[in-house]
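All remarks here apply to the structure that follows.
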Amino acid sequence: MRSKFHLLAAVLTICVPANIFAQKHTGGSSPPTAPPQRAAASTQPVVPVSSGMGAMQFFAVNYGVPAPQSLARQLEADDDRTRSASLAAIGAPSQYLQRGHIPFAHSIQLDFVALGNTDELDAILTVELDQHLVSAILMPDSSNWKRIGTIVFPTPFFDPTSNLGTFMRTARSFSQPNRYRVIYHSYVPGQNEDYVENEAQVRILNGKAVVSISFVSNARTCVTTPAAPGKTAKPGCELTQRWLQADPSDPARRFILVTGTGRLSDRDMTDVLNKARVFQTAHLRTFTCQPYIFSDVTEHYEPMANASPCTLPPVK
């Protein structure tokens, strides 16, 4: 098995309004992108429309480790003690550290990106194990390295819906376009073709790994049997997709968490494409938007108002 060492540069450019906006679509029209009108004031408590990491776990630490390249090599060592030490260094669950059961990684990925505010590149070492995906966030410490965080996602290796490519990617930071953020996704299948996918975004701030925002990014809830007498549920699937978008040029650093909802009918479910993400996106019909701002105090995206239907200003 060969480890993959590469420097990933992802550029994400999305033009986004400064305040709340929304719109309702029919057919195959696209989600909202036009500048908003100012939302009316509300006396209701402001709560996030969605939050949480789902099945993923985040562990913030401050732990000295070997250099990332050395750690990646040690994960493939023939010696059990060497592999055990490297697994412990990246924060792998204790079940992989037991004597006589020190596994080899199924795949290893090492990325060097600027996640913090220094001029040095940080490192993300992600490993696919028998029952977990483990991603360690490492930063230089003078002439040494330290692990400052680990994301762990329990998922079996034989499940093809989760792998290094679906679990972790990097993208430019919204607030600092010359820096990066790490975006993690956990896909958890359920019964009746249901699933829930959570997203967590991580950066290095003030020498710490910080989860700046997390939410349910995709979900599908299906009814496969006809509704009982007196019930209204119809066979089909309710869809939800959610994403954070921003305008990096906005001096107030405001962001929008967009939630799109739609439905697949029982007839749509017979289509061979019904599980494709693009097919589901095309069936989103209603969009709501919640404005966020990044707080330097909490080091987290905080909602500025409750989610509301997206509305476009009238065309002049």
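We label chains A, B, ... in the order they appear in the structure tokens, count residues from 1 in each chain, and number ligands from 1 in the order shown.
Residues in contact with Val223 in chain A at up to 7 Å, not including ones fewer than 2 positions away on its chain and judged by only C-alpha atoms, are Thr225, Lys234, Pro235, Gly236 and Cys237 of chain A.
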Requested write-out: all heavy atoms of the selected residues, as a PDB file, in the first residue's frame:
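The resulting selection.pdb:
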ATOM      1  N   THR A 225     -44.581   2.423   2.402  1.00  0.00           N
ATOM      2  CA  THR A 225     -45.887   1.757   2.398  1.00  0.00           C
ATOM      3  C   THR A 225     -46.989   2.796   2.338  1.00  0.00           C
ATOM      4  O   THR A 225     -46.819   3.935   2.806  1.00  0.00           O
ATOM      5  CB  THR A 225     -46.061   0.895   3.661  1.00  0.00           C
ATOM      6  OG1 THR A 225     -45.890   1.725   4.825  1.00  0.00           O
ATOM      7  CG2 THR A 225     -45.014  -0.216   3.693  1.00  0.00           C
ATOM      8  N   LYS A 234     -47.630   9.898   2.397  1.00  0.00           N
ATOM      9  CA  LYS A 234     -47.682   9.213   1.117  1.00  0.00           C
ATOM     10  C   LYS A 234     -46.331   8.563   0.845  1.00  0.00           C
ATOM     11  O   LYS A 234     -45.297   9.048   1.291  1.00  0.00           O
ATOM     12  CB  LYS A 234     -48.016  10.210   0.003  1.00  0.00           C
ATOM     13  CG  LYS A 234     -49.383  10.855   0.131  1.00  0.00           C
ATOM     14  CD  LYS A 234     -49.608  11.831  -1.022  1.00  0.00           C
ATOM     15  CE  LYS A 234     -50.977  12.502  -0.919  1.00  0.00           C
ATOM     16  NZ  LYS A 234     -51.201  13.457  -2.046  1.00  0.00           N
ATOM     17  N   PRO A 235     -46.337   7.460   0.097  1.00  0.00           N
ATOM     18  CA  PRO A 235     -45.057   6.842  -0.252  1.00  0.00           C
ATOM     19  C   PRO A 235     -44.159   7.839  -0.994  1.00  0.00           C
ATOM     20  O   PRO A 235     -44.625   8.622  -1.816  1.00  0.00           O
ATOM     21  CB  PRO A 235     -45.474   5.678  -1.158  1.00  0.00           C
ATOM     22  CG  PRO A 235     -46.882   5.380  -0.766  1.00  0.00           C
ATOM     23  CD  PRO A 235     -47.495   6.703  -0.406  1.00  0.00           C
ATOM     24  N   GLY A 236     -42.881   7.811  -0.682  1.00  0.00           N
ATOM     25  CA  GLY A 236     -41.924   8.735  -1.281  1.00  0.00           C
ATOM     26  C   GLY A 236     -40.880   9.141  -0.269  1.00  0.00           C
ATOM     27  O   GLY A 236     -40.808   8.581   0.837  1.00  0.00           O
ATOM     28  N   CYS A 237     -40.056  10.089  -0.605  1.00  0.00           N
ATOM     29  CA  CYS A 237     -38.949  10.502   0.262  1.00  0.00           C
ATOM     30  C   CYS A 237     -38.913  12.015   0.404  1.00  0.00           C
ATOM     31  O   CYS A 237     -38.975  12.741  -0.595  1.00  0.00           O
ATOM     32  CB  CYS A 237     -37.611  10.011  -0.298  1.00  0.00           C
ATOM     33  SG  CYS A 237     -37.429   8.220  -0.318  1.00  0.00           S
TER      34      CYS A 237
END
>> Let's see if you can do this: from backbone DSSP, list all strand (DSSP E or B) residues in range 18-201 of chain A, as a ChimeraX atom specification.
In response: /A:24,57-65,107-113,122-128,132-141,144-154,168-172,180-189,195-201
>> Taking only C-alpha atoms into account, name the residue in A:Ser143, A:Thr288, A:Ser94, A:Gln201 that is nearest to Phe174 in chain A.
In response: A:Gln201
> CA of Leu71 in chain A and CA of Phe104 in chain A, how far apart in Å?
Replying inline: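 Taking CA of Phe104 in chain A and CA of Leu71 in chain A, their separation equals 13.1 Å.
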> Do you know which residues are at most 9 Å from Pro103 in chain A counting only C-alpha atoms, after dropping those on the same chain fewer than 6 positions away, and could you put them as a list of chain:residue names?
Replying inline: A:Asp80, A:Arg83, A:Ser84, A:Tyr96, A:Leu97, A:Leu129, A:Asp130
Output the selection as a short mmCIF file (atom, residue, chain, number, x, y, z; two decimals), in the first residue's frame - N, CA, C and O atoms for each residue.
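Saved as out_1.cif:
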data_model
loop_
_atom_site.label_atom_id
_atom_site.label_comp_id
_atom_site.auth_asym_id
_atom_site.auth_seq_id
_atom_site.Cartn_x
_atom_site.Cartn_y
_atom_site.Cartn_z
N ASP A 80 4.78 -4.24 15.15
CA ASP A 80 3.51 -3.91 15.80
C ASP A 80 3.64 -2.70 16.73
O ASP A 80 2.75 -1.86 16.81
N ARG A 83 3.66 0.54 14.75
CA ARG A 83 2.31 0.88 14.26
C ARG A 83 1.42 1.33 15.40
O ARG A 83 0.64 2.28 15.26
N SER A 84 1.50 0.66 16.54
CA SER A 84 0.68 1.04 17.68
C SER A 84 1.00 2.44 18.15
O SER A 84 0.10 3.24 18.44
N TYR A 96 -7.77 -0.27 18.60
CA TYR A 96 -6.70 -0.56 17.64
C TYR A 96 -5.33 -0.61 18.30
O TYR A 96 -4.33 -0.86 17.62
N LEU A 97 -5.27 -0.37 19.59
CA LEU A 97 -3.99 -0.30 20.28
C LEU A 97 -3.73 -1.52 21.15
O LEU A 97 -2.72 -1.57 21.86
N LEU A 129 -9.34 2.83 8.78
CA LEU A 129 -9.13 1.61 9.56
C LEU A 129 -10.33 0.67 9.39
O LEU A 129 -11.28 0.98 8.66
N ASP A 130 -10.29 -0.47 10.07
CA ASP A 130 -11.34 -1.49 9.89
C ASP A 130 -12.74 -0.94 10.18
O ASP A 130 -13.68 -1.21 9.43
#
>> What's around Gly260 in chain A at 8 Å? Count only C-alpha atoms, leave out sequence neighbours fewer than 4 positions away in its own chain, and write the answer as a list in words.
In response: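 The residues that qualify are Pro31, Thr240, Gln241, Arg242, Leu284, Arg285, Thr286, Phe287 and Thr288 of chain A.
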For the selection just defined, write its residues with N, CA and C atoms to a file, as a PDB file, in the first residue's frame.
ATOM      1  N   PRO A  31     -31.044  27.496  -6.757  1.00  0.00           N
ATOM      2  CA  PRO A  31     -31.275  28.107  -5.453  1.00  0.00           C
ATOM      3  C   PRO A  31     -30.992  29.597  -5.463  1.00  0.00           C
ATOM      4  N   THR A 240     -33.708  16.883   2.241  1.00  0.00           N
ATOM      5  CA  THR A 240     -33.150  18.103   2.821  1.00  0.00           C
ATOM      6  C   THR A 240     -31.692  18.215   2.413  1.00  0.00           C
ATOM      7  N   GLN A 241     -31.305  19.367   1.911  1.00  0.00           N
ATOM      8  CA  GLN A 241     -29.901  19.663   1.652  1.00  0.00           C
ATOM      9  C   GLN A 241     -29.586  21.020   2.251  1.00  0.00           C
ATOM     10  N   ARG A 242     -28.387  21.137   2.804  1.00  0.00           N
ATOM     11  CA  ARG A 242     -28.044  22.372   3.523  1.00  0.00           C
ATOM     12  C   ARG A 242     -26.572  22.702   3.270  1.00  0.00           C
ATOM     13  N   LEU A 284     -35.339  19.732  -5.213  1.00  0.00           N
ATOM     14  CA  LEU A 284     -35.529  20.717  -4.145  1.00  0.00           C
ATOM     15  C   LEU A 284     -36.463  21.811  -4.648  1.00  0.00           C
ATOM     16  N   ARG A 285     -37.404  22.205  -3.821  1.00  0.00           N
ATOM     17  CA  ARG A 285     -38.413  23.176  -4.252  1.00  0.00           C
ATOM     18  C   ARG A 285     -38.451  24.434  -3.395  1.00  0.00           C
ATOM     19  N   THR A 286     -38.190  24.323  -2.104  1.00  0.00           N
ATOM     20  CA  THR A 286     -38.312  25.459  -1.200  1.00  0.00           C
ATOM     21  C   THR A 286     -36.986  25.689  -0.491  1.00  0.00           C
ATOM     22  N   PHE A 287     -36.603  26.968  -0.380  1.00  0.00           N
ATOM     23  CA  PHE A 287     -35.329  27.313   0.254  1.00  0.00           C
ATOM     24  C   PHE A 287     -35.573  28.313   1.380  1.00  0.00           C
ATOM     25  N   THR A 288     -34.954  28.049   2.534  1.00  0.00           N
ATOM     26  CA  THR A 288     -34.943  29.006   3.635  1.00  0.00           C
ATOM     27  C   THR A 288     -33.505  29.387   3.922  1.00  0.00           C
TER      28      THR A 288
END
> By how many Å are CA of Val49 in chain A and CA of Asn274 in chain A apart?
Replying inline: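 Taking CA of Val49 in chain A as the start and CA of Asn274 in chain A as the end point, the length is 26.3 Å.
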> What is the CA of Ser50 in chain A to CA of Ile151 in chain A distance in Å?
Replying inline: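 Value for the CA of Ser50 in chain A-CA of Ile151 in chain A distance: 19.8 Å.
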What are the nearest atom pairs, with distances in Å to one decimal, for all residues of range 65-114 of chain A that come at most 12 Å from range 181-197 of chain A, using only C-alpha atoms, set out by chain and rising residue number as a tab-separated table?
residue	atom	partner	partner_atom	distance
A:Asp111	CA	A:Val182	CA	10.4
A:Phe112	CA	A:Val182	CA	11.2
A:Val113	CA	A:Arg181	CA	8.7
A:Ala114	CA	A:Arg181	CA	8.3
For the selection just defined, write its residues with C-alpha atoms to a file, as a short mmCIF file (atom, residue, chain, number, x, y, z; two decimals), in the first residue's frame.
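See part-v2.cif below for the written result:
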data_model
loop_
_atom_site.label_atom_id
_atom_site.label_comp_id
_atom_site.auth_asym_id
_atom_site.auth_seq_id
_atom_site.Cartn_x
_atom_site.Cartn_y
_atom_site.Cartn_z
CA ASP A 111 -2.33 16.92 3.10
CA PHE A 112 -0.29 20.05 3.81
CA VAL A 113 -2.40 23.24 3.92
CA ALA A 114 -2.41 26.56 5.76
#
